[in-house]
Structure formats: C-alpha cells, structure tokens
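Peer 1: Here you go, this is entry_34.pdb (PDB, C-alpha atoms and all ligand atoms).
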```
ATOM      1  CA  MET A   1       2.611 -13.818  -8.626
ATOM      2  CA  GLY A   2       1.573 -12.276 -11.915
ATOM      3  CA  LYS A   3      -2.070 -12.792 -11.001
ATOM      4  CA  TYR A   4      -2.186  -9.778  -8.662
ATOM      5  CA  LYS A   5      -1.081  -6.200  -9.184
ATOM      6  CA  ASN A   6      -2.291  -4.490  -6.028
ATOM      7  CA  ILE A   7      -2.436  -6.087  -2.594
ATOM      8  CA  VAL A   8      -3.867  -4.543   0.571
ATOM      9  CA  VAL A   9      -3.379  -6.388   3.871
ATOM     10  CA  LEU A  10      -5.222  -5.502   7.081
ATOM     11  CA  THR A  11      -3.928  -6.844  10.391
ATOM     12  CA  GLY A  12      -5.361  -6.799  13.912
ATOM     13  CA  ALA A  13      -4.417  -7.891  17.402
ATOM     14  CA  GLY A  14      -4.522 -11.578  16.432
ATOM     15  CA  ILE A  15      -1.313 -11.367  14.383
ATOM     16  CA  SER A  16       0.618 -10.252  17.478
ATOM     17  CA  ALA A  17      -1.049 -12.702  19.894
ATOM     18  CA  GLU A  18       1.659 -15.325  19.350
ATOM     19  CA  SER A  19       4.281 -12.656  20.077
ATOM     20  CA  GLY A  20       2.831 -12.420  23.593
ATOM     21  CA  ILE A  21       0.672  -9.296  23.179
ATOM     22  CA  LYS A  22      -2.870  -9.551  24.513
ATOM     23  CA  THR A  23      -5.746  -9.140  22.072
ATOM     24  CA  TYR A  24      -8.701  -6.901  22.946
ATOM     25  CA  ARG A  25     -11.741  -9.133  22.842
ATOM     26  CA  ALA A  26     -10.467 -12.554  23.935
ATOM     27  CA  LYS A  27     -11.748 -13.961  27.266
ATOM     28  CA  ASP A  28      -8.642 -12.651  29.059
ATOM     29  CA  GLY A  29      -8.341  -9.736  26.594
ATOM     30  CA  LEU A  30      -7.762  -6.074  27.448
ATOM     31  CA  TRP A  31     -11.431  -5.105  27.197
ATOM     32  CA  GLU A  32     -12.326  -7.684  29.861
ATOM     33  CA  LYS A  33     -10.090  -5.949  32.383
ATOM     34  CA  TYR A  34     -10.540  -2.289  31.402
ATOM     35  CA  LYS A  35     -13.550  -0.236  30.417
ATOM     36  CA  LEU A  36     -12.988   0.939  26.876
ATOM     37  CA  GLU A  37     -14.856   4.197  27.635
ATOM     38  CA  ASP A  38     -12.386   4.964  30.472
ATOM     39  CA  VAL A  39      -9.068   4.276  28.752
ATOM     40  CA  ALA A  40      -9.713   4.567  25.006
ATOM     41  CA  THR A  41     -11.766   7.725  24.553
ATOM     42  CA  LEU A  42     -10.966  11.437  24.666
ATOM     43  CA  ASP A  43     -13.657  11.907  27.337
ATOM     44  CA  GLY A  44     -11.975   9.238  29.478
ATOM     45  CA  TYR A  45      -8.633  11.047  29.070
ATOM     46  CA  LYS A  46     -10.151  14.395  30.048
ATOM     47  CA  ARG A  47     -11.860  12.806  33.078
ATOM     48  CA  ASP A  48      -8.805  10.956  34.356
ATOM     49  CA  PRO A  49      -5.619  11.541  32.353
ATOM     50  CA  GLU A  50      -3.476   9.590  34.857
ATOM     51  CA  LEU A  51      -5.596   6.434  34.423
ATOM     52  CA  VAL A  52      -5.271   6.635  30.629
ATOM     53  CA  LEU A  53      -1.533   7.400  30.753
ATOM     54  CA  ASP A  54      -1.040   4.485  33.172
ATOM     55  CA  PHE A  55      -2.942   2.139  30.849
ATOM     56  CA  TYR A  56      -0.651   2.945  27.902
ATOM     57  CA  ASN A  57       2.477   3.127  30.122
ATOM     58  CA  GLN A  58       1.726  -0.413  31.257
ATOM     59  CA  ARG A  59       1.195  -1.590  27.703
ATOM     60  CA  ARG A  60       4.427   0.122  26.603
ATOM     61  CA  LYS A  61       6.291  -1.611  29.458
ATOM     62  CA  ASP A  62       4.745  -4.989  28.603
ATOM     63  CA  PHE A  63       5.746  -4.481  25.008
ATOM     64  CA  CYS A  64       9.269  -3.041  25.475
ATOM     65  CA  HIS A  65      10.360  -5.022  28.519
ATOM     66  CA  GLY A  66       8.330  -8.148  27.810
ATOM     67  CA  GLY A  67      10.675  -8.540  24.859
ATOM     68  CA  SER A  68       7.920  -9.050  22.263
ATOM     69  CA  LYS A  69       9.399 -10.112  18.949
ATOM     70  CA  PRO A  70       7.803 -10.509  15.519
ATOM     71  CA  ASN A  71       6.516 -14.004  14.741
ATOM     72  CA  ALA A  72       6.455 -15.977  11.497
ATOM     73  CA  ALA A  73       3.333 -14.149  10.288
ATOM     74  CA  HIS A  74       4.987 -10.710  10.572
ATOM     75  CA  TYR A  75       8.095 -12.000   8.765
ATOM     76  CA  ALA A  76       6.052 -13.613   6.010
ATOM     77  CA  LEU A  77       4.261 -10.316   5.248
ATOM     78  CA  ALA A  78       7.605  -8.489   5.111
ATOM     79  CA  GLU A  79       8.856 -11.136   2.655
ATOM     80  CA  LEU A  80       5.710 -10.777   0.538
ATOM     81  CA  GLU A  81       6.258  -7.016   0.316
ATOM     82  CA  ARG A  82       9.937  -7.513  -0.622
ATOM     83  CA  GLN A  83       9.208 -10.000  -3.393
ATOM     84  CA  PHE A  84       5.947  -8.604  -4.771
ATOM     85  CA  ASP A  85       6.435  -6.471  -7.873
ATOM     86  CA  GLY A  86       3.104  -4.609  -7.705
ATOM     87  CA  GLU A  87       1.625  -2.145  -5.205
ATOM     88  CA  PHE A  88       1.591  -3.361  -1.613
ATOM     89  CA  LEU A  89       0.056  -1.671   1.411
ATOM     90  CA  LEU A  90      -0.001  -3.067   4.932
ATOM     91  CA  VAL A  91      -2.660  -1.459   7.121
ATOM     92  CA  THR A  92      -2.540  -2.386  10.781
ATOM     93  CA  GLN A  93      -4.908  -1.672  13.639
ATOM     94  CA  ASN A  94      -2.086  -2.647  15.977
ATOM     95  CA  ILE A  95      -0.169  -0.083  17.988
ATOM     96  CA  ASP A  96       2.921  -2.290  18.408
ATOM     97  CA  ASN A  97       5.816  -2.014  15.932
ATOM     98  CA  LEU A  98       6.290  -5.721  15.177
ATOM     99  CA  HIS A  99       5.624  -5.269  11.447
ATOM    100  CA  GLU A 100       8.460  -2.747  11.222
ATOM    101  CA  GLN A 101      10.720  -4.968  13.347
ATOM    102  CA  ALA A 102      10.055  -7.776  10.872
ATOM    103  CA  GLY A 103      11.072  -5.536   7.954
ATOM    104  CA  SER A 104       7.750  -4.279   6.533
ATOM    105  CA  LYS A 105       8.127  -0.855   4.912
ATOM    106  CA  ASN A 106       4.823   0.458   3.612
ATOM    107  CA  VAL A 107       2.816   0.339   6.854
ATOM    108  CA  ILE A 108      -0.079   2.515   7.997
ATOM    109  CA  HIS A 109      -0.860   2.363  11.720
ATOM    110  CA  MET A 110      -4.495   3.422  11.445
ATOM    111  CA  HIS A 111      -5.018   3.339  15.244
ATOM    112  CA  GLY A 112      -1.713   5.036  16.138
ATOM    113  CA  GLU A 113       1.532   3.822  17.677
ATOM    114  CA  LEU A 114       2.415   2.948  21.245
ATOM    115  CA  LEU A 115       6.037   4.093  20.977
ATOM    116  CA  LYS A 116       5.103   7.641  19.960
ATOM    117  CA  ALA A 117       3.514  10.570  21.770
ATOM    118  CA  ARG A 118       1.995  13.646  20.237
ATOM    119  CA  CYS A 119       1.461  17.262  21.102
ATOM    120  CA  ALA A 120      -2.205  17.779  21.982
ATOM    121  CA  LYS A 121      -2.072  21.223  20.350
ATOM    122  CA  THR A 122       0.004  20.954  17.172
ATOM    123  CA  ASN A 123      -0.139  17.161  16.649
ATOM    124  CA  GLN A 124       3.655  17.027  16.289
ATOM    125  CA  ILE A 125       4.654  13.360  16.749
ATOM    126  CA  ILE A 126       7.566  12.467  19.025
ATOM    127  CA  PRO A 127       9.224   9.046  19.524
ATOM    128  CA  TRP A 128       8.450   7.951  23.118
ATOM    129  CA  LYS A 129       9.717   4.858  24.929
ATOM    130  CA  ALA A 130       9.545   5.993  28.565
ATOM    131  CA  ASP A 131       6.491   6.402  30.797
ATOM    132  CA  LEU A 132       4.332   9.346  29.774
ATOM    133  CA  THR A 133       3.166  11.622  32.598
ATOM    134  CA  SER A 134       0.927  14.678  32.654
ATOM    135  CA  ASN A 135       4.085  16.740  33.349
ATOM    136  CA  ASP A 136       5.536  15.832  29.953
ATOM    137  CA  VAL A 137       5.039  18.762  27.625
ATOM    138  CA  CYS A 138       5.887  19.397  24.015
ATOM    139  CA  THR A 139       8.647  21.845  23.243
ATOM    140  CA  CYS A 140       7.129  22.756  19.876
ATOM    141  CA  CYS A 141       4.333  24.923  21.374
ATOM    142  CA  GLN A 142       4.578  28.492  22.512
ATOM    143  CA  TYR A 143       2.300  27.585  25.450
ATOM    144  CA  PRO A 144       3.130  23.916  26.067
ATOM    145  CA  LEU A 145       0.283  21.469  26.662
ATOM    146  CA  PRO A 146       0.774  17.938  28.043
ATOM    147  CA  LEU A 147       1.714  15.309  25.491
ATOM    148  CA  ARG A 148      -0.849  12.581  24.800
ATOM    149  CA  PRO A 149      -0.271   9.002  23.609
ATOM    150  CA  HIS A 150      -0.210   8.798  19.789
ATOM    151  CA  ILE A 151      -3.269   6.547  19.863
ATOM    152  CA  VAL A 152      -6.538   6.908  17.933
ATOM    153  CA  TRP A 153      -9.269   6.661  20.519
ATOM    154  CA  PHE A 154     -12.874   5.604  19.863
ATOM    155  CA  GLY A 155     -14.740   8.453  18.228
ATOM    156  CA  GLU A 156     -11.531   9.898  16.679
ATOM    157  CA  MET A 157     -10.558   9.817  13.020
ATOM    158  CA  PRO A 158      -8.296   6.867  12.145
ATOM    159  CA  ILE A 159      -4.931   7.713  10.534
ATOM    160  CA  GLY A 160      -4.270   7.411   6.792
ATOM    161  CA  LEU A 161      -7.845   6.766   5.642
ATOM    162  CA  ASP A 162      -7.405   8.685   2.362
ATOM    163  CA  MET A 163      -4.436   6.535   1.351
ATOM    164  CA  ILE A 164      -6.141   3.343   2.578
ATOM    165  CA  TYR A 165      -9.330   3.958   0.540
ATOM    166  CA  HIS A 166      -7.237   5.005  -2.476
ATOM    167  CA  GLN A 167      -5.363   1.681  -2.381
ATOM    168  CA  LEU A 168      -8.521  -0.338  -1.663
ATOM    169  CA  ALA A 169     -10.140   1.193  -4.739
ATOM    170  CA  GLN A 170      -7.389  -0.376  -6.869
ATOM    171  CA  ALA A 171      -6.916  -3.608  -4.939
ATOM    172  CA  ASP A 172      -7.181  -6.993  -6.636
ATOM    173  CA  LEU A 173      -6.375  -8.904  -3.433
ATOM    174  CA  PHE A 174      -7.428  -7.990   0.105
ATOM    175  CA  ILE A 175      -6.174 -10.087   3.030
ATOM    176  CA  SER A 176      -7.445  -9.604   6.584
ATOM    177  CA  ILE A 177      -5.456 -11.221   9.396
ATOM    178  CA  GLY A 178      -6.249 -11.591  13.112
ATOM    179  CA  THR A 179      -9.035  -9.083  13.507
ATOM    180  CA  SER A 180     -12.476  -9.664  14.987
ATOM    181  CA  GLY A 181     -14.059  -7.292  12.455
ATOM    182  CA  THR A 182     -15.966  -5.336  15.082
ATOM    183  CA  VAL A 183     -14.414  -1.881  14.766
ATOM    184  CA  TYR A 184     -15.237   0.459  11.895
ATOM    185  CA  PRO A 185     -14.003   1.738   9.543
ATOM    186  CA  ALA A 186     -11.542  -1.204   9.337
ATOM    187  CA  ALA A 187     -14.423  -3.680   9.472
ATOM    188  CA  GLY A 188     -15.781  -2.115   6.262
ATOM    189  CA  PHE A 189     -12.606  -2.599   4.189
ATOM    190  CA  VAL A 190     -13.657  -6.057   2.954
ATOM    191  CA  GLU A 191     -16.791  -4.552   1.404
ATOM    192  CA  GLU A 192     -14.765  -1.753  -0.202
ATOM    193  CA  ALA A 193     -12.443  -4.359  -1.718
ATOM    194  CA  HIS A 194     -15.378  -6.482  -2.887
ATOM    195  CA  SER A 195     -17.011  -3.513  -4.544
ATOM    196  CA  VAL A 196     -14.025  -3.159  -6.916
ATOM    197  CA  GLY A 197     -13.882  -6.887  -7.623
ATOM    198  CA  ALA A 198     -10.888  -7.766  -5.455
ATOM    199  CA  GLU A 199     -10.452 -11.295  -4.184
ATOM    200  CA  THR A 200     -10.794 -11.338  -0.388
ATOM    201  CA  VAL A 201      -9.173 -13.720   2.104
ATOM    202  CA  GLU A 202      -9.568 -13.880   5.877
ATOM    203  CA  VAL A 203      -6.996 -15.491   8.162
ATOM    204  CA  ASN A 204      -8.219 -15.865  11.754
ATOM    205  CA  LEU A 205      -8.066 -18.245  14.682
ATOM    206  CA  GLU A 206     -11.853 -18.342  14.932
ATOM    207  CA  LEU A 207     -14.521 -17.234  12.486
ATOM    208  CA  SER A 208     -14.677 -13.430  12.718
ATOM    209  CA  ASP A 209     -17.940 -11.453  12.684
ATOM    210  CA  LEU A 210     -17.244 -10.776   9.016
ATOM    211  CA  HIS A 211     -16.131 -14.196   7.791
ATOM    212  CA  SER A 212     -19.135 -14.636   5.484
ATOM    213  CA  HIS A 213     -18.079 -11.494   3.551
ATOM    214  CA  PHE A 214     -14.811 -13.100   2.409
ATOM    215  CA  ASP A 215     -14.266 -15.257  -0.691
ATOM    216  CA  SER A 216     -12.140 -17.624   1.387
ATOM    217  CA  VAL A 217     -11.369 -18.135   5.044
ATOM    218  CA  LEU A 218      -8.187 -19.708   6.416
ATOM    219  CA  GLN A 219      -8.897 -20.693   9.980
ATOM    220  CA  GLY A 220      -5.921 -21.238  12.282
ATOM    221  CA  LYS A 221      -2.917 -19.578  13.868
ATOM    222  CA  ALA A 222      -1.531 -16.586  11.993
ATOM    223  CA  SER A 223       2.028 -17.919  12.482
ATOM    224  CA  GLU A 224       1.085 -21.011  10.452
ATOM    225  CA  GLN A 225      -1.553 -19.760   8.020
ATOM    226  CA  VAL A 226       0.174 -16.550   6.883
ATOM    227  CA  PRO A 227       3.532 -18.100   5.877
ATOM    228  CA  ALA A 228       1.612 -20.828   3.987
ATOM    229  CA  LEU A 229      -0.521 -18.232   2.183
ATOM    230  CA  VAL A 230       2.503 -16.092   1.323
ATOM    231  CA  LYS A 231       4.343 -19.157  -0.003
ATOM    232  CA  LYS A 232       1.400 -19.862  -2.314
ATOM    233  CA  LEU A 233       1.252 -16.245  -3.460
ATOM    234  CA  LEU A 234       4.959 -16.194  -4.240
ATOM    235  CA  LEU A 235       4.917 -19.404  -6.301
TER     236      LEU A 235
HETATM  237  P1  LIG B 301     -17.208   4.230  14.286
HETATM  238  O1  LIG B 301     -16.965   2.785  14.144
HETATM  239  O2  LIG B 301     -18.487   4.716  13.791
HETATM  240  O3  LIG B 301     -16.065   5.054  13.513
HETATM  241  C1  LIG B 301     -14.710   5.108  13.896
HETATM  242  C2  LIG B 301     -14.117   6.488  13.588
HETATM  243  O4  LIG B 301     -13.804   6.524  12.212
HETATM  244  C3  LIG B 301     -15.042   7.663  13.860
HETATM  245  O5  LIG B 301     -14.291   8.648  14.511
HETATM  246  C4  LIG B 301     -15.474   8.161  12.502
HETATM  247  O6  LIG B 301     -15.465   9.557  12.424
HETATM  248  C5  LIG B 301     -14.412   7.635  11.591
HETATM  249  N1  LIG B 301     -14.945   7.129  10.341
HETATM  250  C6  LIG B 301     -15.844   6.128  10.184
HETATM  251  N2  LIG B 301     -16.049   5.884   8.890
HETATM  252  C7  LIG B 301     -15.263   6.741   8.199
HETATM  253  C8  LIG B 301     -15.015   6.966   6.831
HETATM  254  N3  LIG B 301     -15.639   6.257   5.859
HETATM  255  N4  LIG B 301     -14.141   7.935   6.482
HETATM  256  C9  LIG B 301     -13.519   8.651   7.432
HETATM  257  N5  LIG B 301     -13.698   8.467   8.757
HETATM  258  C10 LIG B 301     -14.554   7.532   9.140
HETATM  259  O7  LIG B 301     -17.160   4.692  15.801
HETATM  260  P2  LIG B 301     -16.303   4.318  17.076
HETATM  261  O8  LIG B 301     -16.880   5.126  18.165
HETATM  262  O9  LIG B 301     -14.846   4.507  16.807
HETATM  263  O10 LIG B 301     -16.645   2.774  17.422
HETATM  264  C11 LIG B 301     -16.119   1.674  16.736
HETATM  265  C12 LIG B 301     -16.843   0.405  17.147
HETATM  266  O11 LIG B 301     -16.319   0.012  18.429
HETATM  267  C13 LIG B 301     -18.323   0.555  17.323
HETATM  268  O12 LIG B 301     -18.985   0.219  16.118
HETATM  269  C14 LIG B 301     -18.618  -0.431  18.452
HETATM  270  O13 LIG B 301     -18.875  -1.720  17.942
HETATM  271  C15 LIG B 301     -17.326  -0.490  19.208
HETATM  272  N6  LIG B 301     -17.409   0.244  20.474
HETATM  273  C16 LIG B 301     -17.648  -0.520  21.533
HETATM  274  C17 LIG B 301     -17.743   0.053  22.778
HETATM  275  C18 LIG B 301     -17.944  -0.859  23.941
HETATM  276  O14 LIG B 301     -17.898  -2.059  23.756
HETATM  277  N7  LIG B 301     -18.151  -0.355  25.119
HETATM  278  C19 LIG B 301     -17.598   1.439  22.916
HETATM  279  C20 LIG B 301     -17.340   2.218  21.767
HETATM  280  C21 LIG B 301     -17.233   1.590  20.550
HETATM  281  N1  LIG B 302      -3.772 -16.235  14.822
HETATM  282  C1  LIG B 302      -4.796 -15.696  14.118
HETATM  283  N2  LIG B 302      -5.814 -15.034  14.689
HETATM  284  C2  LIG B 302      -5.812 -14.933  16.033
HETATM  285  C3  LIG B 302      -4.775 -15.476  16.841
HETATM  286  C4  LIG B 302      -3.721 -16.165  16.175
HETATM  287  N3  LIG B 302      -2.698 -16.713  16.826
HETATM  288  N4  LIG B 302      -5.065 -15.182  18.137
HETATM  289  C5  LIG B 302      -6.210 -14.522  18.146
HETATM  290  N5  LIG B 302      -6.685 -14.371  16.886
HETATM  291  C6  LIG B 302      -7.912 -13.682  16.419
HETATM  292  C7  LIG B 302      -9.073 -13.823  17.375
HETATM  293  O1  LIG B 302      -9.808 -14.978  17.048
HETATM  294  C8  LIG B 302      -9.876 -12.536  17.120
HETATM  295  O2  LIG B 302     -10.858 -12.728  16.125
HETATM  296  O3  LIG B 302      -7.618 -12.303  16.380
HETATM  297  C9  LIG B 302      -8.819 -11.562  16.581
HETATM  298  C10 LIG B 302      -8.496 -10.392  17.534
HETATM  299  O4  LIG B 302      -9.635  -9.572  17.667
HETATM  300  P1  LIG B 302      -9.691  -8.306  18.661
HETATM  301  O5  LIG B 302      -9.138  -8.670  20.007
HETATM  302  O6  LIG B 302     -11.063  -7.768  18.606
HETATM  303  O7  LIG B 302      -8.634  -7.281  18.013
HETATM  304  P2  LIG B 302      -8.812  -6.282  16.764
HETATM  305  O8  LIG B 302      -9.755  -6.818  15.760
HETATM  306  O9  LIG B 302      -7.424  -5.955  16.311
HETATM  307  O10 LIG B 302      -9.427  -5.004  17.463
HETATM  308  C11 LIG B 302      -9.652  -3.860  16.651
HETATM  309  O11 LIG B 302     -10.349  -2.575  18.542
HETATM  310  O12 LIG B 302     -10.276  -1.743  20.689
HETATM  311  C12 LIG B 302      -9.901  -1.546  19.396
HETATM  312  O13 LIG B 302      -8.216  -0.100  18.756
HETATM  313  C13 LIG B 302      -8.418  -1.410  19.183
HETATM  314  O14 LIG B 302      -7.193  -1.847  17.118
HETATM  315  C14 LIG B 302      -8.117  -2.392  18.040
HETATM  316  C15 LIG B 302      -9.472  -2.599  17.435
END
```
What's the structure tokens form of this structure?
Ligand code: NAD
Ligand code: APR
Peer 2:
Amino acid sequence: MGKYKNIVVLTGAGISAESGIKTYRAKDGLWEKYKLEDVATLDGYKRDPELVLDFYNQRRKDFCHGGSKPNAAHYALAELERQFDGEFLLVTQNIDNLHEQAGSKNVIHMHGELLKARCAKTNQIIPWKADLTSNDVCTCCQYPLPLRPHIVWFGEMPIGLDMIYHQLAQADLFISIGTSGTVYPAAGFVEEAHSVGAETVEVNLELSDLHSHFDSVLQGKASEQVPALVKKLLL
C-alpha cells in the first residue's frame, strides 16, 4: 500500500447497477424513457415542476422501497478507505446513498443527493425521504419558496469541484468505476489526474468513451472487479 499516498475514486451509475438501480444510458436506462431536457434541467423544472418532482419521487420510491442495498463494490471501497493510510476521496456522480450505507466516509456527491431537498432561495439542505410536492416549502425563508430536489441538473454547477480538483492535483492513483464518461466535468477528471502523473485505472462493464485515456482498464462487473482491485491495493 506504500506505493500510493493520495487516491481519488470516481463512481457512476454502473457501480449501483448490481444493487438494482437503473443506469442512465443503458438500452433500458433512464434516458431511454425520459427526455433529459424535461426532467434534468432547470428550464424543464420551470416549465413543468410536477413532472420533474414526479420523476425524482419515483426514483426515491424505487430506491427506498425497492430495498436497494450496497453491493460488494461499495463495500470494497469503504474497506479501502478504512485501511488506506494516505488521503482518500470518493467522488460519486450517483444520487443514491449506497456508498454511505456501505461505510464510506469522505464522499462528495457531485450531482446531488436523492434523499435531500433544498430551498430554492437560500440553498439550505434538508433531509427528505417522502414525496416532494410543489406545496412543500422551506421554513428557513421569510417568504417561503417551494423546495426543489437536491439534484445538480444539466447546465448547473456540480457540487464540491474546488475540493475535487484540489485532490486530483495531488493524486497518485485515480480510479474510475461504472461511468460512461460522457458528462463533464467528471469525464475530464482522468486528464486532470494524468497531467499530475497519477496512475489511472478504469473499471467498467463495457469500454467507456474514455477507456483509451486510462493506463489500465479492468472490464467486467463492478461487484467482481472492484473487490479484486482493492485486495491487490491492500496487499
Ligand atoms: P458541461 O458538460 O459543459 O458542464 C457541466 C456543468 O459543470 C456546467 O454547469 C458548467 O458550468 C460546469 N463546469 C464545467 N467545467 C467546469 C470546471 N472546470 N469548473 C467548474 N465548473 C465547471 O454541460 P452540461 O450541460 O452539464 O452537459 C454535460 C454533458 O451531457 C454534455 O457534454 C452532453 O454530452 C450531455 N448532454 C446531453 C443531452 C442530451 O443527450 N439530450 C443534453 C444535455 C447534456
Ligand atoms: N459493473 C461495472 N460497470 C457497469 C455495470 C456493472 N455491473 N453495469 C453498467 N456498467 C457501466 C456501463 O457499461 C456504463 O458505461 O456503467 C456505465 C454507466 O454509464 P451511465 O448510465 O452513462 O451513467 P453515468 O456515467 O454515471 O452518468 C453520468 O449522467 O445523466 C447524468 O447526472 C447523471 O450522474 C449521471 C451522469
């Protein structure tokens, strides 16, 4: 383990696929059924807030009541963080909380979190497990506005970028797991890591759009490849 001092891991929908959560760009993925512009943009929300709230309410229900549990890949990353004696940052594009359920501590949800809502005026973040309706307002405002899902929509600034780029600038190992590499800025992290000389590893079921940018590619299921990689790293 002495070889590395600073690890950054990026995860995407693929790591949660084996926990029963649909990915975005698979054949039966979410973006086959919904128009991204309608349910994942601020303009879409302004046009039809009920449609957007319903989309995330359904996903929250699927997640909470579908009983999704972390899989071996989530647990392996939590173990890596526990045993690693250097700096460790887990950046996820996922809005589920399976990394936390598995025991990961230093997690940045760069695209927001499904089980939180936020005040559209003050940005105060509130834990939220129930359905969100346009009648739900935040008590923190003098003139309450409806709460919105705590989700980063397309065209909005991802969360935690300063910390992410700070850690990438010092990384000596960058691991990307279960992401198609189509959405920026996350898709650019491998180049950031390369530019400071970090070793880069991709774990994905199929070859991602970015696979040729990585030093090595482990093709296969996250639940198999990630525990094997972590075992090697902890030797
Ligand atoms: P984007 O990829 O250009 O940037 C994402 C967000 O991050 C933007 O809000 C931008 O302000 C911010 N950002 C980018 N680089 C940054 C940096 N270095 N520091 C700080 N902030 C930074 O734009 P997007 O609209 O979010 O789209 C992401 C991707 O999703 C697109 O490249 C496209 O491939 C895809 N997309 C697809 C569809 C579709 O299929 N219909 C629609 C929209 C977007
Ligand atoms: N193990 C490993 N990888 C897998 C598995 C698995 N069991 N199942 C699927 N994958 C891979 C797929 O091959 C695909 O390359 O995971 C990737 C998932 O890609 P996307 O569906 O595009 O998800 P992601 O990259 O996380 O999307 C990024 O797009 O719409 C936005 O905000 C949304 O955070 C999301 C972002």
Peer 1: Once you count all atoms listed in the file, which residues end up within 6 Å of ligand LIG 301 (chain B), and could you hand them over as an MDAnalysis selection string?
Peer 2: chainID A and resid 36 154:158 182:185
Peer 1: Here's the selection I'm unsure about, the PyMOL selection byres (((not hetatm)) within 6 of (chain B and resi 302)); applied to the file above, which residues does it give, as a list in words?
Peer 2: Gly12, Ala13, Gly14, Ile15, Ala17, Glu18, Thr23, Tyr24, Arg25, Ala26, Gln93, Asn94, His111, Gly178, Thr179, Ser180, Gly181, Val183, Asn204, Leu205, Glu206, Ser208, Gly220, Lys221 and Ala222 of chain A
Peer 1: Neighbouring residues of stretch 226-229 of chain A were defined as those with any atom within 8 Å, considering all atoms listed in the file; residues of the same chain fewer than 2 positions away were excluded. Please report them as a count of residues only.
Peer 2: 11
Peer 1: Using the chain letters and numbers from this file, what does the PyMOL selection byres (((chain A and resi 112-127) around 6) and not hetatm) select? Give the answer as number ranges by chain.
Peer 2: A: 95-96, 109-111, 128-129, 138, 147-152
Peer 1: Which residue out of A:Leu90, A:Ala187, A:Leu207, A:Ala171 has the minimum interatomic distance to A:Lys5 when only C-alpha atoms are used?
Peer 2: A:Ala171
Peer 1: Kindly give the distance, in Å, that separates atom CA of A:Val91 and atom CA of A:Leu161, rounded to a single decimal.
Peer 2: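 Computed distance, atom CA of A:Val91 to atom CA of A:Leu161, equals 9.8 Å.
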Peer 1: In Å, how far is it from atom CA of A:Gln225 to atom CA of A:Arg60?
Peer 2: 27.9 Å
Peer 1: Pick out the closest residue to A:Asn57 from this set: A:Thr133, A:Ser19, A:Gln83, A:Gln101. Count all atoms listed in the file.
Peer 2: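 When distances to A:Asn57 are compared using all atoms listed in the file, the smallest one comes from A:Thr133.
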Peer 1: Kindly resolve the PyMOL selection byres (((chain A and resi 215) around 7) and not hetatm) on the present coordinates and return the residues as JSON, numbers by chain.
Peer 2: {"A": [199, 200, 201, 213, 214, 216]}
Peer 1: Those residues you just picked out, can you put them in a file as a compact mmCIF listing (two decimals), in the frame of the given file with C-alpha atoms?
Peer 2:
```
# COMPACT_ATOMS: atom_id res chain seq x y z
CA GLU A 199 -10.45 -11.30 -4.18
CA THR A 200 -10.79 -11.34 -0.39
CA VAL A 201 -9.17 -13.72 2.10
CA HIS A 213 -18.08 -11.49 3.55
CA PHE A 214 -14.81 -13.10 2.41
CA SER A 216 -12.14 -17.62 1.39
```
Peer 1: List the neighbours of A:Tyr75 out to 8 Å using only C-alpha atoms; skip same-chain residues closer than 5 positions along the sequence, and give me the result as a VMD selection string.
Peer 2: chain A and resid 70 99 102 to 103
Peer 1: For C-alpha atoms, I'd like the residues from the last selection saved as an mmCIF file, in the frame of the given file.
Peer 2:
```cif
data_model
loop_
_atom_site.group_PDB
_atom_site.id
_atom_site.type_symbol
_atom_site.label_atom_id
_atom_site.label_comp_id
_atom_site.auth_asym_id
_atom_site.auth_seq_id
_atom_site.Cartn_x
_atom_site.Cartn_y
_atom_site.Cartn_z
ATOM 1 C CA PRO A 70 7.803 -10.509 15.519
ATOM 2 C CA HIS A 99 5.624 -5.269 11.447
ATOM 3 C CA ALA A 102 10.055 -7.776 10.872
ATOM 4 C CA GLY A 103 11.072 -5.536 7.954
#
```
Peer 1: Taking 4 positions as the minimum chain separation for residues in the same chain, which residues sit within 10 Å of A:Gln167 when counting only C-alpha atoms? Answer as a list in words.
Peer 2: Asn6, Ile7, Val8, Glu87, Phe88, Leu89, Leu161, Asp162, Met163, Ala171, Asp172 and Ala193 of chain A
